[in-house]
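*Asks:* One file: model.cif (mmCIF, C-alpha atoms).
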```
data_structure
#
loop_
_atom_site.group_PDB
_atom_site.id
_atom_site.type_symbol
_atom_site.label_atom_id
_atom_site.label_comp_id
_atom_site.auth_asym_id
_atom_site.auth_seq_id
_atom_site.Cartn_x
_atom_site.Cartn_y
_atom_site.Cartn_z
ATOM 1 C CA MET H 961 201.058 74.360 -177.112
ATOM 2 C CA GLN H 962 199.670 73.723 -173.652
ATOM 3 C CA VAL H 963 198.317 76.462 -171.405
ATOM 4 C CA THR H 964 197.274 76.334 -167.775
ATOM 5 C CA MET H 965 195.419 79.174 -166.095
ATOM 6 C CA ILE H 966 192.892 79.801 -163.364
ATOM 7 C CA VAL H 967 189.520 80.745 -164.853
ATOM 8 C CA ASN H 968 186.837 81.790 -162.382
ATOM 9 C CA ASP H 969 188.736 80.072 -159.554
ATOM 10 C CA VAL H 970 189.150 76.777 -161.449
ATOM 11 C CA GLU H 971 192.464 75.622 -162.886
ATOM 12 C CA VAL H 972 192.190 74.656 -166.542
ATOM 13 C CA THR H 973 194.784 73.110 -168.834
ATOM 14 C CA ARG H 974 194.233 72.800 -172.566
ATOM 15 C CA GLU H 975 196.159 72.285 -175.784
ATOM 16 C CA ILE H 976 195.750 75.310 -178.034
ATOM 17 C CA GLU H 977 197.131 76.908 -181.153
ATOM 18 C CA GLY H 978 199.529 79.722 -180.301
ATOM 19 C CA ARG H 979 197.471 82.256 -182.260
ATOM 20 C CA LEU H 980 194.196 81.593 -180.396
ATOM 21 C CA LEU H 981 192.713 84.734 -178.867
ATOM 22 C CA LEU H 982 191.624 84.641 -175.234
ATOM 23 C CA VAL H 983 188.034 85.525 -176.194
ATOM 24 C CA HIS H 984 187.848 82.418 -178.408
ATOM 25 C CA PHE H 985 189.551 80.254 -175.782
ATOM 26 C CA LEU H 986 186.926 81.280 -173.239
ATOM 27 C CA ARG H 987 183.954 80.963 -175.576
ATOM 28 C CA ASP H 988 184.884 78.028 -177.796
ATOM 29 C CA THR H 989 187.236 75.944 -175.675
ATOM 30 C CA LEU H 990 185.745 76.487 -172.213
ATOM 31 C CA SER H 991 182.130 77.238 -173.314
ATOM 32 C CA LEU H 992 182.062 80.424 -171.230
ATOM 33 C CA THR H 993 179.877 82.334 -173.647
ATOM 34 C CA GLY H 994 179.129 85.263 -171.341
ATOM 35 C CA THR H 995 182.170 87.002 -172.765
ATOM 36 C CA HIS H 996 180.983 88.430 -176.054
ATOM 37 C CA TRP H 997 182.960 88.894 -179.226
ATOM 38 C CA GLY H 998 182.091 92.116 -180.988
ATOM 39 C CA CYS H 999 184.441 94.134 -183.129
ATOM 40 C CA ASP H 1000 187.722 92.186 -183.094
ATOM 41 C CA THR H 1001 189.577 95.532 -183.040
ATOM 42 C CA SER H 1002 189.342 96.418 -179.315
ATOM 43 C CA ASN H 1003 186.928 99.274 -179.983
ATOM 44 C CA CYS H 1004 183.670 98.006 -178.482
ATOM 45 C CA GLY H 1005 184.640 96.475 -175.117
ATOM 46 C CA THR H 1006 182.119 93.629 -175.177
ATOM 47 C CA CYS H 1007 184.943 91.150 -174.619
ATOM 48 C CA VAL H 1008 186.313 92.621 -171.365
ATOM 49 C CA VAL H 1009 187.478 90.074 -168.799
ATOM 50 C CA TRP H 1010 189.955 90.378 -165.940
ATOM 51 C CA LEU H 1011 193.514 89.181 -166.280
ATOM 52 C CA ASP H 1012 195.107 89.087 -162.828
ATOM 53 C CA GLY H 1013 192.394 91.440 -161.597
ATOM 54 C CA GLU H 1014 192.776 94.054 -164.331
ATOM 55 C CA PRO H 1015 190.210 94.577 -167.095
ATOM 56 C CA VAL H 1016 191.522 93.608 -170.537
ATOM 57 C CA LYS H 1017 189.889 93.333 -173.918
ATOM 58 C CA SER H 1018 190.180 89.615 -174.562
ATOM 59 C CA CYS H 1019 190.047 90.086 -178.341
ATOM 60 C CA THR H 1020 193.546 91.589 -178.111
ATOM 61 C CA VAL H 1021 195.089 89.011 -175.755
ATOM 62 C CA LEU H 1022 196.408 85.680 -176.934
ATOM 63 C CA ALA H 1023 195.291 82.762 -174.781
ATOM 64 C CA ALA H 1024 198.976 81.823 -174.509
ATOM 65 C CA MET H 1025 199.597 85.175 -172.797
ATOM 66 C CA ALA H 1026 197.181 84.134 -170.025
ATOM 67 C CA ASP H 1027 199.205 80.981 -169.299
ATOM 68 C CA GLY H 1028 200.013 80.959 -165.590
ATOM 69 C CA HIS H 1029 197.624 83.809 -164.845
ATOM 70 C CA GLU H 1030 194.154 84.259 -163.394
ATOM 71 C CA VAL H 1031 191.192 85.099 -165.614
ATOM 72 C CA ARG H 1032 187.749 86.125 -164.425
ATOM 73 C CA THR H 1033 184.741 86.333 -166.700
ATOM 74 C CA VAL H 1034 181.217 87.597 -166.102
ATOM 75 C CA GLU H 1035 180.272 84.033 -165.129
ATOM 76 C CA GLY H 1036 182.659 84.428 -162.188
ATOM 77 C CA LEU H 1037 181.093 87.583 -160.725
ATOM 78 C CA ALA H 1038 178.343 85.873 -158.721
ATOM 79 C CA LYS H 1039 179.526 84.201 -155.528
ATOM 80 C CA GLY H 1040 177.747 81.433 -153.657
ATOM 81 C CA GLY H 1041 174.626 81.761 -155.779
ATOM 82 C CA GLU H 1042 174.351 85.476 -154.993
ATOM 83 C CA LEU H 1043 174.587 88.043 -157.754
ATOM 84 C CA ASP H 1044 177.353 90.603 -157.457
ATOM 85 C CA PRO H 1045 176.018 94.065 -156.562
ATOM 86 C CA ILE H 1046 176.979 95.323 -160.020
ATOM 87 C CA GLN H 1047 174.813 92.580 -161.551
ATOM 88 C CA GLU H 1048 171.991 93.527 -159.181
ATOM 89 C CA GLY H 1049 172.432 97.188 -160.067
ATOM 90 C CA PHE H 1050 172.145 96.494 -163.788
ATOM 91 C CA MET H 1051 168.983 94.536 -163.091
ATOM 92 C CA GLN H 1052 167.419 97.074 -160.715
ATOM 93 C CA CYS H 1053 168.243 100.169 -162.785
ATOM 94 C CA HIS H 1054 167.733 98.724 -166.266
ATOM 95 C CA GLY H 1055 171.413 99.078 -167.151
ATOM 96 C CA LEU H 1056 170.950 96.764 -170.091
ATOM 97 C CA GLN H 1057 168.646 96.517 -173.024
ATOM 98 C CA CYS H 1058 169.821 94.120 -175.717
ATOM 99 C CA GLY H 1059 172.521 92.814 -173.340
ATOM 100 C CA PHE H 1060 175.317 92.491 -175.864
ATOM 101 C CA CYS H 1061 177.641 94.986 -174.174
ATOM 102 C CA THR H 1062 176.535 94.044 -170.655
ATOM 103 C CA PRO H 1063 179.162 91.409 -169.697
ATOM 104 C CA GLY H 1064 182.089 93.635 -170.635
ATOM 105 C CA MET H 1065 180.391 96.646 -169.104
ATOM 106 C CA MET H 1066 179.822 94.805 -165.814
ATOM 107 C CA MET H 1067 183.421 93.570 -165.659
ATOM 108 C CA THR H 1068 184.702 97.105 -166.221
ATOM 109 C CA CYS H 1069 182.310 98.591 -163.665
ATOM 110 C CA ARG H 1070 183.102 95.943 -161.044
ATOM 111 C CA ALA H 1071 186.809 96.731 -161.440
ATOM 112 C CA LEU H 1072 186.010 100.429 -160.994
ATOM 113 C CA LEU H 1073 184.109 99.799 -157.746
ATOM 114 C CA ASP H 1074 186.912 97.600 -156.453
ATOM 115 C CA LYS H 1075 189.326 100.519 -156.853
ATOM 116 C CA ASN H 1076 186.903 103.356 -156.089
ATOM 117 C CA PRO H 1077 183.863 102.307 -154.024
ATOM 118 C CA ASP H 1078 182.166 105.701 -154.379
ATOM 119 C CA PRO H 1079 182.832 107.001 -157.889
ATOM 120 C CA THR H 1080 181.295 110.159 -159.259
ATOM 121 C CA ASP H 1081 179.175 110.014 -162.386
ATOM 122 C CA ALA H 1082 182.108 111.510 -164.302
ATOM 123 C CA GLU H 1083 184.446 108.785 -163.000
ATOM 124 C CA ILE H 1084 181.955 106.107 -164.010
ATOM 125 C CA ARG H 1085 181.637 107.603 -167.482
ATOM 126 C CA GLU H 1086 185.415 107.757 -167.806
ATOM 127 C CA ALA H 1087 185.757 104.118 -166.711
ATOM 128 C CA ILE H 1088 183.282 102.950 -169.354
ATOM 129 C CA SER H 1089 184.604 105.235 -172.078
ATOM 130 C CA GLY H 1090 186.221 102.231 -173.777
ATOM 131 C CA GLN H 1091 182.855 100.472 -174.038
ATOM 132 C CA ILE H 1092 180.205 100.944 -176.686
ATOM 133 C CA CYS H 1093 176.517 100.578 -175.905
ATOM 134 C CA ARG H 1094 174.163 101.223 -178.776
ATOM 135 C CA CYS H 1095 170.956 100.950 -176.749
ATOM 136 C CA THR H 1096 170.946 102.707 -173.378
ATOM 137 C CA GLY H 1097 172.576 106.093 -173.856
ATOM 138 C CA TYR H 1098 174.716 105.229 -170.790
ATOM 139 C CA SER H 1099 172.499 107.017 -168.222
ATOM 140 C CA THR H 1100 171.004 103.763 -166.938
ATOM 141 C CA ILE H 1101 174.458 102.196 -166.810
ATOM 142 C CA VAL H 1102 175.738 105.068 -164.665
ATOM 143 C CA ARG H 1103 172.664 104.704 -162.406
ATOM 144 C CA SER H 1104 173.336 100.968 -162.159
ATOM 145 C CA VAL H 1105 176.887 101.539 -160.949
ATOM 146 C CA ARG H 1106 175.715 104.190 -158.460
ATOM 147 C CA TRP H 1107 173.083 101.708 -157.184
ATOM 148 C CA ALA H 1108 175.756 99.049 -156.680
ATOM 149 C CA SER H 1109 178.040 101.536 -154.941
ATOM 150 C CA VAL H 1110 175.335 102.664 -152.504
ATOM 151 C CA HIS H 1111 174.160 99.122 -151.770
ATOM 152 C CA GLU H 1112 177.687 97.825 -151.211
ATOM 153 C CA ALA H 1113 178.354 100.668 -148.775
ATOM 154 C CA ALA H 1114 175.098 99.948 -146.923
ATOM 155 C CA ALA H 1115 175.897 96.231 -146.745
ATOM 156 C CA ALA H 1116 179.356 96.992 -145.331
ATOM 157 C CA VAL H 1117 177.828 99.169 -142.586
ATOM 158 C CA ASN H 1118 175.345 96.425 -141.651
ATOM 159 C CA GLN H 1119 178.002 93.729 -141.261
#
```
Kindly transcribe the structure held in the file into structure tokens.

*Replies:*
Amino acid sequence: MQVTMIVNDVEVTREIEGRLLLVHFLRDTLSLTGTHWGCDTSNCGTCVVWLDGEPVKSCTVLAAMADGHEVRTVEGLAKGGELDPIQEGFMQCHGLQCGFCTPGMMMTCRALLDKNPDPTDAEIREAISGQICRCTGYSTIVRSVRWASVHEAAAAVNQ
């Protein structure tokens, strides 16, 4: 079957098998390997991407279901060569260690900040509750999101 979708602002059309998962379409067909494939059961959250602006676990979405929709991956966060504030926050506050969970974590956290620009620590922890990180203990991830929130607010004031 043929699918057409917008991935990171670029229209793509490919022939696929109907049973192909979105995570494999992104990684294997489009070579967008920033989206990681972890548990295959939707438990870990490493595969989170956006489908029409909403975070989804791409290991539970068929690529055919994304036909006619917009997908954004971690590769699509940076704009014009500038890192997204959530990417900067993870870098500045050491929100990653091994990096395996980081793409899905960043996509989830970016979606949170888009809906709630000044989340509490509890709201951040709730937002990432569907993600598993085996390295950081989550404190540095929460600090990273707070950093991004503060810096986005400061940038908005200075514009």

*Asks:* What does the distance from CA of Met1025 in chain H to CA of Glu1083 in chain H come to in Å, to one decimal?

*Replies:* 29.7 Å

*Asks:* I'd like the interatomic distance between CA of Leu1056 in chain H and CA of Thr1100 in chain H, to a tenth of an Å.

*Replies:*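 Separating CA of Leu1056 in chain H from CA of Thr1100 in chain H is a distance of 7.7 Å.
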
*Asks:* Have a look at CA of Ile1046 in chain H and CA of Leu982 in chain H and let me know their distance in Å, one decimal.

*Replies:*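 That distance, rounded to one decimal, is 23.7 Å.
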
*Asks:* Select, from H:Ala1087, H:Val1016, H:Leu1073, H:Ala1026, the residue with the minimum atom-to-atom distance to Phe985 in chain H, counting all atoms listed in the file.

*Replies:*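 Among the listed residues, H:Ala1026 lies closest to Phe985 in chain H.
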
*Asks:* Can you work out which one of H:Arg974, H:Lys1017, H:Arg979, H:Arg987 has the shortest atom-to-atom distance to Met1065 in chain H, counting all atoms listed in the file?

*Replies:*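 Among H:Arg974, H:Lys1017, H:Arg979, H:Arg987, it is H:Lys1017 that comes nearest to Met1065 in chain H.
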
*Asks:* Could you check which residues have any atom within 12 Å of (194.6, 89.0, -173.5), counting only C-alpha atoms with coordinates taken straight from the file, and then list them as a VMD selection string?

*Replies:* chain H and resid 979 to 986 1002 1007 to 1012 1014 to 1027 1029 to 1032

*Asks:* Mind telling me what the PyMOL selection byres ((chain H and resi 1111) around 12) catches here, as number ranges by chain?

*Replies:* H: 1044-1049, 1052, 1073, 1077-1078, 1104-1110, 1112-1118

*Asks:* Determine the nearest neighbour of Met1066 in chain H from the options H:Val972, H:Ala1082, H:Cys1095, H:Ile1101, counting only C-alpha atoms.

*Replies:*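 Of all the options, H:Ile1101 lies closest to Met1066 in chain H.
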
*Asks:* Could you list the residues chosen by the PyMOL selection byres ((chain H and resi 964) around 8) in this structure as a short mmCIF file (atom, residue, chain, number, x, y, z; two decimals) with C-alpha atoms, in the coordinates of the input?

*Replies:*
```
data_model
loop_
_atom_site.label_atom_id
_atom_site.label_comp_id
_atom_site.auth_asym_id
_atom_site.auth_seq_id
_atom_site.Cartn_x
_atom_site.Cartn_y
_atom_site.Cartn_z
CA GLN H 962 199.67 73.72 -173.65
CA VAL H 963 198.32 76.46 -171.40
CA MET H 965 195.42 79.17 -166.10
CA ILE H 966 192.89 79.80 -163.36
CA GLU H 971 192.46 75.62 -162.89
CA VAL H 972 192.19 74.66 -166.54
CA THR H 973 194.78 73.11 -168.83
CA ARG H 974 194.23 72.80 -172.57
CA ASP H 1027 199.20 80.98 -169.30
CA GLY H 1028 200.01 80.96 -165.59
#
```

*Asks:* Find, counting all atoms listed in the file, the residue in H:Gln1091, H:Asn968, H:Thr1001, H:Thr1080 that gets nearest to Val1034 in chain H.

*Replies:* H:Asn968

*Asks:* Of the candidates H:Ser1089, H:Ser991, H:Thr1033, H:Gln1057, which one gets nearest to Cys1004 in chain H if we count all atoms listed in the file?

*Replies:*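 Using all atoms listed in the file, Cys1004 in chain H sits closest to H:Ser1089.
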
*Asks:* Output, as AutoDock Vina command-line options, the centre and edge lengths in Å (one decimal) of the axis-aligned box that contains all listed atoms of range 1038-1042 of chain H with 6 Å of margin on each side.

*Replies:*
```
--center_x 176.9 --center_y 83.7 --center_z -156.2 --size_x 17.2 --size_y 16.4 --size_z 17.1
```

*Asks:* Please identify all polymer residues within 7 Å of Gly994 in chain H, counting all atoms listed in the file, omitting same-chain residues fewer than 2 positions from it, and present them as a PyMOL selection string.

*Replies:* chain H and resi 992+996+1034-1035+1063

*Asks:* If you keep C-alpha atoms, can you produce a file of those selected residues as a PDB file, keeping the file's coordinate frame?

*Replies:*
```
ATOM      1  CA  LEU H 992     182.062  80.424-171.230  1.00  0.00           C
ATOM      2  CA  HIS H 996     180.983  88.430-176.054  1.00  0.00           C
ATOM      3  CA  VAL H1034     181.217  87.597-166.102  1.00  0.00           C
ATOM      4  CA  GLU H1035     180.272  84.033-165.129  1.00  0.00           C
ATOM      5  CA  PRO H1063     179.162  91.409-169.697  1.00  0.00           C
TER       6      PRO H1063
END
```

*Asks:* Which residue gives the smallest distance to Cys1061 in chain H among H:Gly1013, H:Gly978, H:Gly1090, H:Gly1036, with all atoms listed in the file counted?

*Replies:*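 Distance minimum relative to Cys1061 in chain H lands on H:Gly1090.
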